[in-house]
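As stored in start_1.cif (mmCIF, N, CA and C atoms):
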data_run
#
loop_
_atom_site.group_PDB
_atom_site.id
_atom_site.type_symbol
_atom_site.label_atom_id
_atom_site.label_comp_id
_atom_site.auth_asym_id
_atom_site.auth_seq_id
_atom_site.Cartn_x
_atom_site.Cartn_y
_atom_site.Cartn_z
ATOM 1 N N MET A 96 27.564 91.499 67.705
ATOM 2 C CA MET A 96 26.577 90.660 67.063
ATOM 3 C C MET A 96 27.159 89.287 66.720
ATOM 4 N N SER A 97 28.454 89.233 66.389
ATOM 5 C CA SER A 97 29.053 87.956 65.996
ATOM 6 C C SER A 97 29.091 86.971 67.161
ATOM 7 N N LYS A 98 29.182 87.456 68.391
ATOM 8 C CA LYS A 98 29.157 86.562 69.547
ATOM 9 C C LYS A 98 27.763 86.006 69.797
ATOM 10 N N ALA A 99 26.747 86.728 69.392
ATOM 11 C CA ALA A 99 25.361 86.308 69.621
ATOM 12 C C ALA A 99 24.859 85.365 68.532
ATOM 13 N N MET A 100 25.521 85.337 67.398
ATOM 14 C CA MET A 100 25.031 84.534 66.267
ATOM 15 C C MET A 100 24.885 83.045 66.597
ATOM 16 N N PRO A 101 25.815 82.397 67.308
ATOM 17 C CA PRO A 101 25.596 80.988 67.661
ATOM 18 C C PRO A 101 24.343 80.786 68.516
ATOM 19 N N TRP A 102 24.038 81.738 69.386
ATOM 20 C CA TRP A 102 22.843 81.625 70.216
ATOM 21 C C TRP A 102 21.579 81.762 69.372
ATOM 22 N N PHE A 103 21.579 82.714 68.433
ATOM 23 C CA PHE A 103 20.425 82.871 67.542
ATOM 24 C C PHE A 103 20.252 81.646 66.649
ATOM 25 N N THR A 104 21.353 81.105 66.179
ATOM 26 C CA THR A 104 21.296 79.902 65.348
ATOM 27 C C THR A 104 20.752 78.722 66.143
ATOM 28 N N GLY A 105 21.237 78.547 67.367
ATOM 29 C CA GLY A 105 20.743 77.477 68.228
ATOM 30 C C GLY A 105 19.263 77.620 68.525
ATOM 31 N N ALA A 106 18.828 78.849 68.801
ATOM 32 C CA ALA A 106 17.410 79.105 69.067
ATOM 33 C C ALA A 106 16.569 78.792 67.832
ATOM 34 N N ALA A 107 17.056 79.172 66.651
ATOM 35 C CA ALA A 107 16.323 78.894 65.411
ATOM 36 C C ALA A 107 16.209 77.391 65.166
ATOM 37 N N VAL A 108 17.270 76.648 65.432
ATOM 38 C CA VAL A 108 17.236 75.189 65.257
ATOM 39 C C VAL A 108 16.217 74.562 66.211
ATOM 40 N N ILE A 109 16.183 75.030 67.446
ATOM 41 C CA ILE A 109 15.225 74.506 68.425
ATOM 42 C C ILE A 109 13.793 74.806 67.999
ATOM 43 N N VAL A 110 13.539 76.017 67.546
ATOM 44 C CA VAL A 110 12.189 76.385 67.097
ATOM 45 C C VAL A 110 11.793 75.550 65.884
ATOM 46 N N LEU A 111 12.695 75.371 64.941
ATOM 47 C CA LEU A 111 12.383 74.560 63.764
ATOM 48 C C LEU A 111 12.118 73.101 64.133
ATOM 49 N N ALA A 112 12.917 72.546 65.046
ATOM 50 C CA ALA A 112 12.694 71.167 65.489
ATOM 51 C C ALA A 112 11.354 71.040 66.197
ATOM 52 N N ASP A 113 11.002 72.026 67.003
ATOM 53 C CA ASP A 113 9.715 72.030 67.694
ATOM 54 C C ASP A 113 8.559 72.053 66.701
ATOM 55 N N GLN A 114 8.639 72.936 65.720
ATOM 56 C CA GLN A 114 7.574 73.036 64.729
ATOM 57 C C GLN A 114 7.488 71.783 63.857
ATOM 58 N N LEU A 115 8.619 71.187 63.533
ATOM 59 C CA LEU A 115 8.626 69.956 62.740
ATOM 60 C C LEU A 115 7.946 68.819 63.488
ATOM 61 N N THR A 116 8.263 68.653 64.777
ATOM 62 C CA THR A 116 7.641 67.579 65.545
ATOM 63 C C THR A 116 6.147 67.811 65.715
ATOM 64 N N LYS A 117 5.734 69.060 65.881
ATOM 65 C CA LYS A 117 4.296 69.361 65.972
ATOM 66 C C LYS A 117 3.595 69.036 64.658
ATOM 67 N N TRP A 118 4.215 69.389 63.549
ATOM 68 C CA TRP A 118 3.633 69.099 62.234
ATOM 69 C C TRP A 118 3.522 67.586 62.023
ATOM 70 N N LEU A 119 4.571 66.853 62.385
ATOM 71 C CA LEU A 119 4.533 65.398 62.241
ATOM 72 C C LEU A 119 3.417 64.775 63.070
ATOM 73 N N MET A 120 3.199 65.271 64.266
ATOM 74 C CA MET A 120 2.111 64.760 65.098
ATOM 75 C C MET A 120 0.757 65.051 64.465
ATOM 76 N N LEU A 121 0.585 66.238 63.913
ATOM 77 C CA LEU A 121 -0.688 66.587 63.279
ATOM 78 C C LEU A 121 -0.955 65.739 62.048
ATOM 79 N N VAL A 122 0.092 65.412 61.302
ATOM 80 C CA VAL A 122 -0.055 64.590 60.096
ATOM 81 C C VAL A 122 -0.337 63.138 60.457
ATOM 82 N N ARG A 123 0.309 62.638 61.497
ATOM 83 C CA ARG A 123 0.264 61.211 61.826
ATOM 84 C C ARG A 123 -0.925 60.811 62.706
ATOM 85 N N PHE A 124 -1.358 61.694 63.618
ATOM 86 C CA PHE A 124 -2.347 61.340 64.626
ATOM 87 C C PHE A 124 -3.646 62.102 64.454
ATOM 88 N N ALA A 125 -4.744 61.452 64.816
ATOM 89 C CA ALA A 125 -6.037 62.121 64.970
ATOM 90 C C ALA A 125 -6.133 62.551 66.433
ATOM 91 N N PRO A 126 -6.917 63.585 66.739
ATOM 92 C CA PRO A 126 -7.047 64.005 68.139
ATOM 93 C C PRO A 126 -7.476 62.838 69.037
ATOM 94 N N GLY A 127 -6.728 62.645 70.112
ATOM 95 C CA GLY A 127 -7.010 61.583 71.062
ATOM 96 C C GLY A 127 -6.408 60.238 70.707
ATOM 97 N N GLU A 128 -5.887 60.101 69.494
ATOM 98 C CA GLU A 128 -5.265 58.826 69.092
ATOM 99 C C GLU A 128 -4.015 58.587 69.928
ATOM 100 N N ARG A 129 -3.770 57.317 70.260
ATOM 101 C CA ARG A 129 -2.659 56.973 71.153
ATOM 102 C C ARG A 129 -1.762 55.932 70.501
ATOM 103 N N LEU A 130 -0.465 56.122 70.661
ATOM 104 C CA LEU A 130 0.526 55.156 70.205
ATOM 105 C C LEU A 130 1.377 54.775 71.413
ATOM 106 N N GLU A 131 1.296 53.518 71.820
ATOM 107 C CA GLU A 131 2.068 53.052 72.970
ATOM 108 C C GLU A 131 3.473 52.694 72.510
ATOM 109 N N LEU A 132 4.459 53.405 73.032
ATOM 110 C CA LEU A 132 5.858 53.159 72.668
ATOM 111 C C LEU A 132 6.512 52.176 73.624
ATOM 112 N N THR A 133 6.243 52.340 74.910
ATOM 113 C CA THR A 133 6.720 51.403 75.928
ATOM 114 C C THR A 133 5.580 51.201 76.917
ATOM 115 N N GLY A 134 5.825 50.425 77.953
ATOM 116 C CA GLY A 134 4.802 50.192 78.955
ATOM 117 C C GLY A 134 4.423 51.436 79.740
ATOM 118 N N PHE A 135 5.272 52.455 79.725
ATOM 119 C CA PHE A 135 4.997 53.671 80.494
ATOM 120 C C PHE A 135 5.029 54.952 79.662
ATOM 121 N N PHE A 136 5.296 54.852 78.358
ATOM 122 C CA PHE A 136 5.418 56.044 77.522
ATOM 123 C C PHE A 136 4.522 55.909 76.295
ATOM 124 N N ASN A 137 3.553 56.820 76.179
ATOM 125 C CA ASN A 137 2.625 56.843 75.050
ATOM 126 C C ASN A 137 2.679 58.206 74.368
ATOM 127 N N LEU A 138 2.422 58.223 73.073
ATOM 128 C CA LEU A 138 2.229 59.477 72.349
ATOM 129 C C LEU A 138 0.735 59.647 72.125
ATOM 130 N N VAL A 139 0.202 60.807 72.507
ATOM 131 C CA VAL A 139 -1.220 61.107 72.354
ATOM 132 C C VAL A 139 -1.334 62.535 71.849
ATOM 133 N N LEU A 140 -2.155 62.745 70.810
ATOM 134 C CA LEU A 140 -2.367 64.097 70.293
ATOM 135 C C LEU A 140 -3.466 64.766 71.099
ATOM 136 N N VAL A 141 -3.098 65.802 71.848
ATOM 137 C CA VAL A 141 -4.041 66.627 72.587
ATOM 138 C C VAL A 141 -3.679 68.080 72.327
ATOM 139 N N PHE A 142 -4.629 68.967 72.524
ATOM 140 C CA PHE A 142 -4.415 70.385 72.300
ATOM 141 C C PHE A 142 -4.553 71.127 73.618
ATOM 142 N N ASN A 143 -3.602 71.990 73.924
ATOM 143 C CA ASN A 143 -3.608 72.801 75.135
ATOM 144 C C ASN A 143 -3.933 74.226 74.732
ATOM 145 N N LYS A 144 -5.101 74.697 75.118
ATOM 146 C CA LYS A 144 -5.522 76.059 74.757
ATOM 147 C C LYS A 144 -4.938 77.119 75.674
ATOM 148 N N GLY A 145 -4.300 76.703 76.754
ATOM 149 C CA GLY A 145 -3.723 77.649 77.696
ATOM 150 C C GLY A 145 -2.219 77.713 77.556
ATOM 151 N N ALA A 146 -1.581 78.000 78.668
ATOM 152 C CA ALA A 146 -0.123 78.070 78.701
ATOM 153 C C ALA A 146 0.401 76.780 79.325
ATOM 154 N N ALA A 147 1.555 76.836 79.928
ATOM 155 C CA ALA A 147 2.168 75.647 80.515
ATOM 156 C C ALA A 147 1.233 74.991 81.524
ATOM 157 N N PHE A 148 1.121 73.678 81.418
ATOM 158 C CA PHE A 148 0.292 72.873 82.319
ATOM 159 C C PHE A 148 -1.167 73.333 82.315
ATOM 160 N N SER A 149 -1.652 73.785 81.154
ATOM 161 C CA SER A 149 -3.042 74.215 80.935
ATOM 162 C C SER A 149 -3.427 75.446 81.741
ATOM 163 N N PHE A 150 -2.463 76.256 82.121
ATOM 164 C CA PHE A 150 -2.753 77.509 82.811
ATOM 165 C C PHE A 150 -3.622 78.382 81.912
ATOM 166 N N LEU A 151 -4.737 78.834 82.403
ATOM 167 C CA LEU A 151 -5.726 79.668 81.698
ATOM 168 C C LEU A 151 -6.446 78.921 80.571
ATOM 169 N N ALA A 152 -6.433 77.613 80.562
ATOM 170 C CA ALA A 152 -7.073 76.849 79.493
ATOM 171 C C ALA A 152 -8.584 77.026 79.493
ATOM 172 N N ALA A 153 -9.176 77.310 80.631
ATOM 173 C CA ALA A 153 -10.632 77.462 80.715
ATOM 174 C C ALA A 153 -11.083 78.892 80.429
ATOM 175 N N ALA A 154 -10.158 79.787 80.122
ATOM 176 C CA ALA A 154 -10.512 81.186 79.831
ATOM 177 C C ALA A 154 -11.277 81.273 78.510
ATOM 178 N N GLN A 155 -11.875 82.411 78.257
ATOM 179 C CA GLN A 155 -12.765 82.590 77.114
ATOM 180 C C GLN A 155 -12.066 82.785 75.771
ATOM 181 N N GLY A 156 -10.771 82.816 75.732
ATOM 182 C CA GLY A 156 -10.056 82.986 74.473
ATOM 183 C C GLY A 156 -9.135 84.188 74.445
ATOM 184 N N TRP A 157 -9.210 85.038 75.445
ATOM 185 C CA TRP A 157 -8.360 86.226 75.499
ATOM 186 C C TRP A 157 -6.919 85.887 75.840
ATOM 187 N N GLN A 158 -6.687 84.676 76.378
ATOM 188 C CA GLN A 158 -5.347 84.325 76.840
ATOM 189 C C GLN A 158 -4.336 84.176 75.718
ATOM 190 N N THR A 159 -4.768 83.718 74.544
ATOM 191 C CA THR A 159 -3.833 83.512 73.444
ATOM 192 C C THR A 159 -3.177 84.820 73.001
ATOM 193 N N PRO A 160 -3.949 85.875 72.687
ATOM 194 C CA PRO A 160 -3.292 87.136 72.316
ATOM 195 C C PRO A 160 -2.452 87.740 73.442
ATOM 196 N N LEU A 161 -2.925 87.597 74.675
ATOM 197 C CA LEU A 161 -2.175 88.138 75.803
ATOM 198 C C LEU A 161 -0.830 87.437 75.964
ATOM 199 N N LEU A 162 -0.835 86.103 75.919
ATOM 200 C CA LEU A 162 0.411 85.352 76.060
ATOM 201 C C LEU A 162 1.346 85.591 74.871
ATOM 202 N N ALA A 163 0.790 85.762 73.677
ATOM 203 C CA ALA A 163 1.611 86.081 72.504
ATOM 204 C C ALA A 163 2.260 87.452 72.667
ATOM 205 N N ALA A 164 1.511 88.405 73.195
ATOM 206 C CA ALA A 164 2.060 89.749 73.429
ATOM 207 C C ALA A 164 3.191 89.701 74.459
ATOM 208 N N PHE A 165 3.004 88.899 75.522
ATOM 209 C CA PHE A 165 4.067 88.745 76.500
ATOM 210 C C PHE A 165 5.321 88.145 75.871
ATOM 211 N N ALA A 166 5.130 87.167 75.001
ATOM 212 C CA ALA A 166 6.266 86.509 74.359
ATOM 213 C C ALA A 166 7.031 87.471 73.452
ATOM 214 N N LEU A 167 6.289 88.319 72.754
ATOM 215 C CA LEU A 167 6.963 89.295 71.877
ATOM 216 C C LEU A 167 7.696 90.342 72.682
#

Structure rendered as structure tokens:
Amino acid sequence: MSKAMPWFTGAAVIVLADQLTKWLMLVRFAPGERLELTGFFNLVLVFNKGAAFSFLAAAQGWQTPLLAAFAL
């Protein structure tokens, strides 16, 4: 277990950083609001109801529990 602890710690830090950035976006932006950072890079708040690259985004809602079950 002691050899795995750095990996668990690293994973926890990544998850916390991910959740912090998501929270900051929700606090700072309204849906669809855009902040232009450079000529080619913008921050825009959008919601993806599916998986990666909107996979299953048009489904009726069953995809969220299914994908959560796969993750667990």

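Picked out by the PyMOL selection byres (((chain A and resi 128 and name CA) around 10) and name CA) when it runs on this file: Arg123, Phe124, Ala125, Pro126, Gly127, Arg129, Leu130, Leu138, Val139, Leu140 and Val141 of chain A.
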
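Between atom C of Ala147 (chain A) and atom N of Leu162 (chain A) there is a distance of 12.6 Å.
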
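Backbone DSSP of chain A yields strand (DSSP E or B) at A:Arg129, A:Leu130, A:Glu131, A:Asn137, A:Leu138, A:Val139.
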
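On the backbone of this structure, DSSP gives helix (DSSP H, G or I) within region 130-167 of chain A to Ala147, Phe148, Ser149, Gln158, Thr159, Pro160, Leu161, Leu162, Ala163, Ala164, Phe165 and Ala166 of chain A.
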
One decimal place gives the atom N of Ala107 (chain A)-atom C of Leu121 (chain A) separation as 22.9 Å

The residue from A:Gln114, A:Val122, A:Lys144, A:Gly134 with the smallest atom-to-atom distance to Trp157 (chain A), counting only C-alpha atoms, is A:Lys144

Atom pair CA of Leu132 (chain A) + CA of Gly145 (chain A), distance 26.8 Å

message = Need the shell around Gln158 (chain A): protein/DNA/RNA residues with any atom at most 12 Å away, counting only C-alpha atoms. Skip same-chain ones fewer than 5 positions apart. Format as a VMD selection string?
response = chain A and resid 143 to 146 149 to 153 163 to 165

With 4 Å of padding per side, what axis-aligned box (centre and edge lengths, Å, one decimal) covers all the listed atoms of region 114-129 of chain A? Give it as lines of an AutoDock Vina configuration file.
center_x = 0.6
center_y = 64.5
center_z = 65.6
size_x = 24.1
size_y = 25.1
size_z = 19.1

Could I get region 116-154 of chain A from the block written out with C-alpha atoms, as a PDB file, in the first residue's frame?
ATOM      1  CA  THR A 116     -11.622  24.760 -12.063  1.00  0.00           C
ATOM      2  CA  LYS A 117     -15.183  23.604 -12.792  1.00  0.00           C
ATOM      3  CA  TRP A 118     -16.460  25.474  -9.734  1.00  0.00           C
ATOM      4  CA  LEU A 119     -14.576  28.621 -10.758  1.00  0.00           C
ATOM      5  CA  MET A 120     -16.117  28.479 -14.228  1.00  0.00           C
ATOM      6  CA  LEU A 121     -19.614  28.093 -12.779  1.00  0.00           C
ATOM      7  CA  VAL A 122     -19.078  31.055 -10.443  1.00  0.00           C
ATOM      8  CA  ARG A 123     -17.495  33.322 -13.062  1.00  0.00           C
ATOM      9  CA  PHE A 124     -19.440  32.550 -16.270  1.00  0.00           C
ATOM     10  CA  ALA A 125     -23.060  32.389 -17.372  1.00  0.00           C
ATOM     11  CA  PRO A 126     -23.921  29.602 -19.842  1.00  0.00           C
ATOM     12  CA  GLY A 127     -22.638  30.580 -23.279  1.00  0.00           C
ATOM     13  CA  GLU A 128     -20.608  33.528 -21.968  1.00  0.00           C
ATOM     14  CA  ARG A 129     -17.238  33.875 -23.699  1.00  0.00           C
ATOM     15  CA  LEU A 130     -13.920  35.303 -22.562  1.00  0.00           C
ATOM     16  CA  GLU A 131     -11.342  35.784 -25.314  1.00  0.00           C
ATOM     17  CA  LEU A 132      -7.868  35.117 -23.916  1.00  0.00           C
ATOM     18  CA  THR A 133      -5.931  35.211 -27.186  1.00  0.00           C
ATOM     19  CA  GLY A 134      -6.806  35.420 -30.860  1.00  0.00           C
ATOM     20  CA  PHE A 135      -7.297  31.645 -30.978  1.00  0.00           C
ATOM     21  CA  PHE A 136      -8.146  30.647 -27.383  1.00  0.00           C
ATOM     22  CA  ASN A 137     -11.477  31.444 -25.703  1.00  0.00           C
ATOM     23  CA  LEU A 138     -13.113  30.252 -22.495  1.00  0.00           C
ATOM     24  CA  VAL A 139     -16.811  29.422 -22.930  1.00  0.00           C
ATOM     25  CA  LEU A 140     -19.128  27.789 -20.387  1.00  0.00           C
ATOM     26  CA  VAL A 141     -20.965  24.900 -22.045  1.00  0.00           C
ATOM     27  CA  PHE A 142     -22.426  21.719 -20.600  1.00  0.00           C
ATOM     28  CA  ASN A 143     -21.793  18.259 -22.066  1.00  0.00           C
ATOM     29  CA  LYS A 144     -24.580  15.845 -21.155  1.00  0.00           C
ATOM     30  CA  GLY A 145     -22.762  12.900 -22.714  1.00  0.00           C
ATOM     31  CA  ALA A 146     -19.300  11.455 -22.429  1.00  0.00           C
ATOM     32  CA  ALA A 147     -16.115  12.472 -24.226  1.00  0.00           C
ATOM     33  CA  PHE A 148     -16.749  14.569 -27.336  1.00  0.00           C
ATOM     34  CA  SER A 149     -20.529  14.539 -26.596  1.00  0.00           C
ATOM     35  CA  PHE A 150     -20.816  10.775 -27.052  1.00  0.00           C
ATOM     36  CA  LEU A 151     -24.432   9.837 -26.169  1.00  0.00           C
ATOM     37  CA  ALA A 152     -25.337  13.502 -25.559  1.00  0.00           C
ATOM     38  CA  ALA A 153     -28.616  13.110 -27.464  1.00  0.00           C
ATOM     39  CA  ALA A 154     -29.720  10.111 -25.355  1.00  0.00           C
TER      40      ALA A 154
END
